[in-house]
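S.K.: Here it is, the structure in full.
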Amino acid sequence: MSKLRRCSISLGLIQFLQRNMLREIENVVLFPGQSSSRSRWTFVQVRHKSGGGGWRPKKKVYHRVHELDKAIDLMKKPSLILQLKSIIQAQKHGSLLLRDLEKHVGFVHKWNLMAAIEKYPTIFYVGGGNKEPPFVMLTEKAKKIVAEEGEATESMEPILVKNLRKLLMISIDCRVPLEKVEFIQSAMGLPQNFKSTLIPKYPEFFSLKVINGKVNLVLENWDSSLAITAREDSLSREGVLEPIGDRKRVRITKDGNFLGRNAFKISFPPGFRPNASYLEEFQKWQKMEFPSPYLNARRFDAADPKARKRVVAVLHELLSLTMERRVTCAQLDAFHSEYLLPSRLILCLIKHQGIFYITNKGARGTVFLKEAYAGSNLIEKGPLLLFHDRFVALCGRREVSLSNEMQPSSFIS
């Protein structure tokens with residue numbers, strides 16, 4: 001066999017293997033941030049049925065939103081500062097020996113916090129030397145701001161109680177395993193010791209019960225006044241009501257938005273150009289009625305288009321219950337059984353990229369509620385986030401917030 005023929009056979013074998021490997025991929029999702037060669041978009045690979053009866057992979061474009069990618073980067077510095085503040089506050093005398101830092105955060109992360117201590121002397125004071133081991137504590141300026149934290153925490157409590165009740169009301173059995181609540185407690189703004197402080201304080205709302213060998217957080221009573229979604233509340237405040245009787249037909253705009261009780265706020269990503277037929281179908285979807293997320297999911301057929309739209313509303317409401325209107329993909333995925341979420345949850349989020357955005361910036365994938373952000377900034381902030389902004393501003397970071405004029409009471413229904 002000639003050398004040329006051997007090379008030809010080898011090349012053909014490689015191409016054959018590549019084609020077969022590609023056919024075996026059922027779903028490959030490449031999130032924004034994974035592709036260095038494409039700055040504005042990336043591919044999502046899903047399988048579509050071909051005319052020959054088999055399955056063929058087809059690439060779909062998933063557009064990047066750089067402002068929301070940037071939001072992850074903007075939180076890196078504040079998260080370090082706030083983490084170190086919490087560690088120092090937890091110490092008996094309000095100071096931490098530098099040699100003990102590794103015990104709290106591990107060897108690798110210790111160096112990130114050491115760099116923050118050195119970089120922000122307006123927040124962290126380093127003392128010791130000679131015979132005294134070096135330690136770190138908060139500066140006097142930082143202590144004055146920290147004195148306001150108690151007021152912010154007190155203002156947050158009714159918001160947290162309300163959101164926790166709503167979280168349980170959406171679930172199919174009005175209960176959620178405690179370990180899953182603990183998994184998202186930071187995203188919801190719950191204190192570290194909420195199990196021993198917040199839950200026993202409101203026995204009329206919550207109880208802890210062992211069910212199937214697991215401790216569950218159980219809703220004690222149903223409150224119909226809370227069964228109103230953040231989407232409905234926003235439409236109500238904006239005065240958007242479903243028209244009654246005959247009126248002129250309202251066409252959907254090119255940005256996908258439609259005035260109506262059943263519509264979602266849409267923000268198509270840059271570079272996404274819907275054609276007329278897409279907008280026509282999307283208008284039908286926006287106008288389509290759907291059951292409330294607070295109705296039991298078992299009552300509906302998952303294949304019904306109205307039930308599928310209800311799933312979008314459930315995801316929207318779950319994100320609305322978090323402090324920053326975003327959660328990690330793992331946190332959202334943890335609630336599959338409690339809310340009967342679709343098995344292909346990522347594809348559902350990608351399909352509705354005008355409502356949600358997924359980024360892989362940072363260590364973990366994150367899902368954003370797009371309407372809650374203006375550029376990289378969260379529009380509405382609760383008392384605790386406003387306190388965090390003031391504390392972090394001590395390092396010279398300019399506070400950028402569109403919600404500084406909002407009163408904390410606007411977050412309590």
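Following the order of the structure tokens, chains are lettered A, B, ..., residues in each are numbered from 1, and ligands are numbered from 1.
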What's the 12 Å shell around Lys141 (chain A), counting only C-alpha atoms, without same-chain residues fewer than 6 positions away, as a PyMOL selection string?
M.R.: chain A and resi 121-125+147-148+390-395
S.K.: If you take only C-alpha atoms and a cut-off of 12 Å, which residues of region 198-236 of chain A touch region 273-294 of chain A, and what are their nearest atom pairs and distances in Å to one decimal, in chain and number order, as a tab-separated table?
M.R.:
residue	atom	partner	partner_atom	distance
A:Trp222	CA	A:Tyr294	CA	10.6
A:Asp223	CA	A:Tyr294	CA	10.8
A:Ser224	CA	A:Tyr294	CA	9.3
A:Ser225	CA	A:Tyr294	CA	11.2
A:Leu226	CA	A:Tyr294	CA	9.2
A:Ala227	CA	A:Tyr294	CA	5.9
A:Ile228	CA	A:Tyr294	CA	7.9
A:Thr229	CA	A:Pro293	CA	7.7
A:Ala230	CA	A:Pro293	CA	10.9
A:Arg231	CA	A:Ser292	CA	10.9
A:Glu232	CA	A:Ser292	CA	10.0
S.K.: Looking at A:Leu113, A:Leu369, A:Val136, A:Ile172, which one is nearest to Phe300 (chain A), with distances taken over only C-alpha atoms?
M.R.: A:Ile172
S.K.: Per residue of region 301-387 of chain A within 12 Å of region 181-185 of chain A, record the nearest atom pair and its distance in Å to one decimal, counting only C-alpha atoms, with rows in chain order and ascending residue number, as JSON lines.
M.R.:
{"residue": "A:Leu318", "atom": "CA", "partner": "A:Ile184", "partner_atom": "CA", "distance": 10.9}
{"residue": "A:Leu319", "atom": "CA", "partner": "A:Ile184", "partner_atom": "CA", "distance": 11.1}
{"residue": "A:Leu321", "atom": "CA", "partner": "A:Ile184", "partner_atom": "CA", "distance": 10.7}
{"residue": "A:Thr322", "atom": "CA", "partner": "A:Ile184", "partner_atom": "CA", "distance": 8.7}
{"residue": "A:Met323", "atom": "CA", "partner": "A:Gln185", "partner_atom": "CA", "distance": 10.1}
{"residue": "A:Arg326", "atom": "CA", "partner": "A:Ile184", "partner_atom": "CA", "distance": 10.7}
{"residue": "A:Val327", "atom": "CA", "partner": "A:Ile184", "partner_atom": "CA", "distance": 8.0}
{"residue": "A:Thr328", "atom": "CA", "partner": "A:Ile184", "partner_atom": "CA", "distance": 9.1}
{"residue": "A:Cys329", "atom": "CA", "partner": "A:Ile184", "partner_atom": "CA", "distance": 11.2}
{"residue": "A:Ala330", "atom": "CA", "partner": "A:Phe183", "partner_atom": "CA", "distance": 9.4}
{"residue": "A:Gln331", "atom": "CA", "partner": "A:Ile184", "partner_atom": "CA", "distance": 6.3}
{"residue": "A:Leu332", "atom": "CA", "partner": "A:Ile184", "partner_atom": "CA", "distance": 8.7}
{"residue": "A:Asp333", "atom": "CA", "partner": "A:Ile184", "partner_atom": "CA", "distance": 11.2}
{"residue": "A:Ala334", "atom": "CA", "partner": "A:Phe183", "partner_atom": "CA", "distance": 8.6}
{"residue": "A:Phe335", "atom": "CA", "partner": "A:Val181", "partner_atom": "CA", "distance": 9.7}
{"residue": "A:Glu338", "atom": "CA", "partner": "A:Val181", "partner_atom": "CA", "distance": 11.5}
S.K.: Let's have the selection written as a CSV table (one decimal), in the first residue's frame, with N, CA, C and O atoms.
M.R.:
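What ended up in again_12.csv:
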chain,number,residue,atom,x,y,z
A,318,LEU,N,-38.8,33.2,41.0
A,318,LEU,CA,-37.7,32.8,41.8
A,318,LEU,C,-36.6,33.8,41.8
A,318,LEU,O,-36.0,34.1,42.9
A,319,LEU,N,-36.2,34.3,40.7
A,319,LEU,CA,-35.1,35.2,40.6
A,319,LEU,C,-35.5,36.6,41.2
A,319,LEU,O,-34.7,37.2,41.8
A,321,LEU,N,-37.2,36.9,43.9
A,321,LEU,CA,-37.1,36.7,45.4
A,321,LEU,C,-35.7,36.8,45.9
A,321,LEU,O,-35.5,36.8,47.1
A,322,THR,N,-34.7,36.9,45.0
A,322,THR,CA,-33.3,37.0,45.4
A,322,THR,C,-32.9,38.5,45.6
A,322,THR,O,-33.5,39.4,45.0
A,323,MET,N,-31.8,38.8,46.3
A,323,MET,CA,-31.4,40.1,46.6
A,323,MET,C,-31.0,40.8,45.3
A,323,MET,O,-31.3,42.0,45.1
A,326,ARG,N,-30.4,37.4,40.7
A,326,ARG,CA,-29.6,36.5,40.0
A,326,ARG,C,-29.2,35.3,41.0
A,326,ARG,O,-29.1,35.5,42.2
A,327,VAL,N,-29.0,34.2,40.4
A,327,VAL,CA,-28.6,33.0,41.2
A,327,VAL,C,-27.6,32.2,40.3
A,327,VAL,O,-27.5,32.4,39.1
A,328,THR,N,-26.8,31.3,40.9
A,328,THR,CA,-26.0,30.4,40.1
A,328,THR,C,-26.8,29.4,39.4
A,328,THR,O,-28.0,29.1,39.9
A,329,CYS,N,-26.4,28.8,38.4
A,329,CYS,CA,-27.1,27.7,37.7
A,329,CYS,C,-27.3,26.6,38.6
A,329,CYS,O,-28.4,25.9,38.6
A,330,ALA,N,-26.3,26.3,39.5
A,330,ALA,CA,-26.5,25.1,40.4
A,330,ALA,C,-27.6,25.4,41.4
A,330,ALA,O,-28.4,24.5,41.8
A,331,GLN,N,-27.7,26.6,41.9
A,331,GLN,CA,-28.8,27.0,42.9
A,331,GLN,C,-30.2,26.8,42.2
A,331,GLN,O,-31.1,26.3,42.9
A,332,LEU,N,-30.3,27.3,41.0
A,332,LEU,CA,-31.6,27.2,40.3
A,332,LEU,C,-31.9,25.7,40.0
A,332,LEU,O,-33.1,25.3,40.2
A,333,ASP,N,-30.9,24.9,39.6
A,333,ASP,CA,-31.1,23.6,39.3
A,333,ASP,C,-31.5,22.7,40.5
A,333,ASP,O,-32.1,21.6,40.3
A,334,ALA,N,-31.1,23.2,41.7
A,334,ALA,CA,-31.4,22.4,42.9
A,334,ALA,C,-32.9,22.3,43.2
A,334,ALA,O,-33.3,21.4,43.9
A,335,PHE,N,-33.8,23.1,42.6
A,335,PHE,CA,-35.2,23.1,42.9
A,335,PHE,C,-36.1,22.5,41.8
A,335,PHE,O,-37.2,22.8,41.7
A,338,GLU,N,-39.0,20.5,43.5
A,338,GLU,CA,-40.0,21.3,44.3
A,338,GLU,C,-40.9,22.1,43.5
A,338,GLU,O,-42.0,22.5,43.8
S.K.: Write down as number ranges by chain the residues of region 309-338 of chain A whose backbone DSSP state falls under helix (DSSP H, G or I).
M.R.: A: 309-320, 329-333, 336-338
S.K.: Return the single residue from A:Val312, A:Ala297, A:Leu386, A:Ile199 that is closest to Ile350 (chain A), with distances computed using only C-alpha atoms.
M.R.: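 The shortest atom-to-atom distance to Ile350 (chain A) comes from A:Val312.
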S.K.: What is the CA of Leu96 (chain A)-CA of Met137 (chain A) distance in Å, reported with one decimal?
M.R.: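 About the pair CA of Leu96 (chain A) and CA of Met137 (chain A): they are 6.5 Å apart.
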S.K.: With distances taken over only C-alpha atoms, which residue among A:Val65, A:Ala90, A:Val210, A:Leu217 lies nearest Val176 (chain A)?
M.R.: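 Closest to Val176 (chain A), using only C-alpha atoms: A:Leu217.
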S.K.: So that I can check the surroundings of Asn216 (chain A), please list as a PDB file with N, CA, C and O atoms, in the first residue's frame every protein, DNA and RNA residue that reaches within 10 Å of it, counting only C-alpha atoms and ignoring chain neighbours fewer than 2 positions away.
M.R.:
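So the final result, stored in around-v8.pdb, reads:
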ATOM      1  N   CYS A 174     -45.734  23.155  49.356  1.00  0.00           N
ATOM      2  CA  CYS A 174     -45.542  24.232  50.331  1.00  0.00           C
ATOM      3  C   CYS A 174     -44.459  23.879  51.356  1.00  0.00           C
ATOM      4  O   CYS A 174     -44.559  24.220  52.534  1.00  0.00           O
ATOM      5  N   ARG A 175     -43.454  23.184  50.879  1.00  0.00           N
ATOM      6  CA  ARG A 175     -42.308  22.868  51.730  1.00  0.00           C
ATOM      7  C   ARG A 175     -41.077  22.670  50.861  1.00  0.00           C
ATOM      8  O   ARG A 175     -41.187  22.273  49.691  1.00  0.00           O
ATOM      9  N   VAL A 176     -39.912  22.955  51.447  1.00  0.00           N
ATOM     10  CA  VAL A 176     -38.634  22.816  50.746  1.00  0.00           C
ATOM     11  C   VAL A 176     -37.631  22.233  51.734  1.00  0.00           C
ATOM     12  O   VAL A 176     -37.592  22.649  52.900  1.00  0.00           O
ATOM     13  N   PRO A 177     -36.821  21.251  51.319  1.00  0.00           N
ATOM     14  CA  PRO A 177     -35.779  20.736  52.221  1.00  0.00           C
ATOM     15  C   PRO A 177     -34.900  21.865  52.742  1.00  0.00           C
ATOM     16  O   PRO A 177     -34.490  22.747  51.975  1.00  0.00           O
ATOM     17  N   LEU A 178     -34.625  21.844  54.028  1.00  0.00           N
ATOM     18  CA  LEU A 178     -33.858  22.916  54.652  1.00  0.00           C
ATOM     19  C   LEU A 178     -32.484  23.083  54.006  1.00  0.00           C
ATOM     20  O   LEU A 178     -31.986  24.198  53.850  1.00  0.00           O
ATOM     21  N   GLU A 179     -31.871  21.976  53.586  1.00  0.00           N
ATOM     22  CA  GLU A 179     -30.541  22.055  52.982  1.00  0.00           C
ATOM     23  C   GLU A 179     -30.561  22.859  51.680  1.00  0.00           C
ATOM     24  O   GLU A 179     -29.570  23.508  51.328  1.00  0.00           O
ATOM     25  N   LYS A 180     -31.692  22.854  50.983  1.00  0.00           N
ATOM     26  CA  LYS A 180     -31.795  23.636  49.746  1.00  0.00           C
ATOM     27  C   LYS A 180     -32.002  25.121  50.045  1.00  0.00           C
ATOM     28  O   LYS A 180     -31.524  25.980  49.302  1.00  0.00           O
ATOM     29  N   VAL A 181     -32.728  25.400  51.113  1.00  0.00           N
ATOM     30  CA  VAL A 181     -32.876  26.804  51.529  1.00  0.00           C
ATOM     31  C   VAL A 181     -31.519  27.356  51.950  1.00  0.00           C
ATOM     32  O   VAL A 181     -31.160  28.489  51.622  1.00  0.00           O
ATOM     33  N   SER A 207     -42.311  26.216  60.076  1.00  0.00           N
ATOM     34  CA  SER A 207     -41.964  25.145  61.020  1.00  0.00           C
ATOM     35  C   SER A 207     -40.945  24.234  60.345  1.00  0.00           C
ATOM     36  O   SER A 207     -40.831  24.203  59.114  1.00  0.00           O
ATOM     37  N   LEU A 208     -40.207  23.503  61.165  1.00  0.00           N
ATOM     38  CA  LEU A 208     -39.232  22.531  60.660  1.00  0.00           C
ATOM     39  C   LEU A 208     -39.758  21.133  60.964  1.00  0.00           C
ATOM     40  O   LEU A 208     -40.042  20.810  62.116  1.00  0.00           O
ATOM     41  N   LYS A 209     -39.908  20.306  59.933  1.00  0.00           N
ATOM     42  CA  LYS A 209     -40.442  18.962  60.102  1.00  0.00           C
ATOM     43  C   LYS A 209     -39.579  17.969  59.329  1.00  0.00           C
ATOM     44  O   LYS A 209     -39.110  18.272  58.237  1.00  0.00           O
ATOM     45  N   VAL A 210     -39.382  16.813  59.908  1.00  0.00           N
ATOM     46  CA  VAL A 210     -38.637  15.748  59.236  1.00  0.00           C
ATOM     47  C   VAL A 210     -39.603  14.963  58.352  1.00  0.00           C
ATOM     48  O   VAL A 210     -40.563  14.362  58.837  1.00  0.00           O
ATOM     49  N   ILE A 211     -39.362  14.983  57.043  1.00  0.00           N
ATOM     50  CA  ILE A 211     -40.203  14.295  56.066  1.00  0.00           C
ATOM     51  C   ILE A 211     -39.301  13.454  55.177  1.00  0.00           C
ATOM     52  O   ILE A 211     -38.363  13.977  54.568  1.00  0.00           O
ATOM     53  N   ASN A 212     -39.578  12.157  55.116  1.00  0.00           N
ATOM     54  CA  ASN A 212     -38.761  11.223  54.330  1.00  0.00           C
ATOM     55  C   ASN A 212     -37.286  11.298  54.713  1.00  0.00           C
ATOM     56  O   ASN A 212     -36.395  11.259  53.854  1.00  0.00           O
ATOM     57  N   GLY A 213     -37.039  11.447  55.998  1.00  0.00           N
ATOM     58  CA  GLY A 213     -35.671  11.444  56.499  1.00  0.00           C
ATOM     59  C   GLY A 213     -34.915  12.748  56.342  1.00  0.00           C
ATOM     60  O   GLY A 213     -33.741  12.828  56.707  1.00  0.00           O
ATOM     61  N   LYS A 214     -35.573  13.796  55.818  1.00  0.00           N
ATOM     62  CA  LYS A 214     -34.926  15.095  55.637  1.00  0.00           C
ATOM     63  C   LYS A 214     -35.686  16.178  56.378  1.00  0.00           C
ATOM     64  O   LYS A 214     -36.920  16.156  56.438  1.00  0.00           O
ATOM     65  N   VAL A 218     -41.360  24.155  56.336  1.00  0.00           N
ATOM     66  CA  VAL A 218     -42.763  23.987  55.952  1.00  0.00           C
ATOM     67  C   VAL A 218     -43.527  25.282  56.174  1.00  0.00           C
ATOM     68  O   VAL A 218     -43.335  25.979  57.180  1.00  0.00           O
ATOM     69  N   LEU A 219     -44.381  25.627  55.210  1.00  0.00           N
ATOM     70  CA  LEU A 219     -45.262  26.788  55.337  1.00  0.00           C
ATOM     71  C   LEU A 219     -46.438  26.423  56.222  1.00  0.00           C
ATOM     72  O   LEU A 219     -47.130  25.426  55.980  1.00  0.00           O
TER      73      LEU A 219
END
S.K.: Between CA of Lys195 (chain A) and CA of Leu340 (chain A), measure the distance and give it in Å to one decimal.
M.R.: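 Atom-to-atom, CA of Lys195 (chain A) to CA of Leu340 (chain A), that is 25.4 Å.
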S.K.: Please provide the set of residues having any atom within 9 Å of Ala374 (chain A), restricted to only C-alpha atoms, with same-chain residues fewer than 4 positions apart removed, written as a PyMOL selection string.
M.R.: chain A and resi 67+370+378-379+402
S.K.: Please write the residues from the selection above to a file, keeping all heavy atoms, as a PDB file, in the first residue's frame.
M.R.:
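Here's the written file again-v1.pdb:
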ATOM      1  N   GLU A  67     -22.585  43.918  29.347  1.00  0.00           N
ATOM      2  CA  GLU A  67     -22.843  44.651  30.590  1.00  0.00           C
ATOM      3  C   GLU A  67     -23.110  43.696  31.747  1.00  0.00           C
ATOM      4  O   GLU A  67     -22.675  43.951  32.882  1.00  0.00           O
ATOM      5  CB  GLU A  67     -24.039  45.608  30.409  1.00  0.00           C
ATOM      6  CG  GLU A  67     -23.779  46.771  29.474  1.00  0.00           C
ATOM      7  CD  GLU A  67     -23.961  46.389  28.021  1.00  0.00           C
ATOM      8  OE1 GLU A  67     -24.322  45.216  27.748  1.00  0.00           O
ATOM      9  OE2 GLU A  67     -23.727  47.249  27.152  1.00  0.00           O
ATOM     10  N   LYS A 370     -32.994  39.843  33.410  1.00  0.00           N
ATOM     11  CA  LYS A 370     -32.476  40.971  32.650  1.00  0.00           C
ATOM     12  C   LYS A 370     -33.167  42.294  32.969  1.00  0.00           C
ATOM     13  O   LYS A 370     -32.529  43.339  33.030  1.00  0.00           O
ATOM     14  CB  LYS A 370     -32.568  40.681  31.147  1.00  0.00           C
ATOM     15  CG  LYS A 370     -31.688  39.529  30.707  1.00  0.00           C
ATOM     16  CD  LYS A 370     -31.807  39.241  29.235  1.00  0.00           C
ATOM     17  CE  LYS A 370     -31.083  40.290  28.398  1.00  0.00           C
ATOM     18  NZ  LYS A 370     -31.051  39.891  26.975  1.00  0.00           N
ATOM     19  N   LEU A 378     -27.729  46.942  39.210  1.00  0.00           N
ATOM     20  CA  LEU A 378     -29.043  46.530  39.698  1.00  0.00           C
ATOM     21  C   LEU A 378     -29.896  47.769  39.928  1.00  0.00           C
ATOM     22  O   LEU A 378     -29.444  48.738  40.543  1.00  0.00           O
ATOM     23  CB  LEU A 378     -28.871  45.743  40.999  1.00  0.00           C
ATOM     24  CG  LEU A 378     -30.121  45.125  41.620  1.00  0.00           C
ATOM     25  CD1 LEU A 378     -30.709  44.063  40.691  1.00  0.00           C
ATOM     26  CD2 LEU A 378     -29.785  44.519  42.979  1.00  0.00           C
ATOM     27  N   ILE A 379     -31.127  47.758  39.425  1.00  0.00           N
ATOM     28  CA  ILE A 379     -31.973  48.963  39.477  1.00  0.00           C
ATOM     29  C   ILE A 379     -32.520  49.200  40.886  1.00  0.00           C
ATOM     30  O   ILE A 379     -32.427  50.295  41.414  1.00  0.00           O
ATOM     31  CB  ILE A 379     -33.129  48.841  38.464  1.00  0.00           C
ATOM     32  CG1 ILE A 379     -32.565  48.768  37.036  1.00  0.00           C
ATOM     33  CG2 ILE A 379     -34.081  50.035  38.590  1.00  0.00           C
ATOM     34  CD1 ILE A 379     -33.612  48.507  35.976  1.00  0.00           C
ATOM     35  N   LEU A 402     -28.899  53.076  40.697  1.00  0.00           N
ATOM     36  CA  LEU A 402     -30.066  53.798  40.224  1.00  0.00           C
ATOM     37  C   LEU A 402     -31.174  53.785  41.266  1.00  0.00           C
ATOM     38  O   LEU A 402     -32.233  54.322  41.050  1.00  0.00           O
ATOM     39  CB  LEU A 402     -30.587  53.151  38.926  1.00  0.00           C
ATOM     40  CG  LEU A 402     -29.606  53.154  37.749  1.00  0.00           C
ATOM     41  CD1 LEU A 402     -30.261  52.488  36.547  1.00  0.00           C
ATOM     42  CD2 LEU A 402     -29.179  54.561  37.389  1.00  0.00           C
TER      43      LEU A 402
END
S.K.: Record the distance separating CA of Asp301 (chain A) and CA of His352 (chain A), expressed in Å with one decimal.
M.R.: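 Going from CA of Asp301 (chain A) over to CA of His352 (chain A), I get 20.2 Å.
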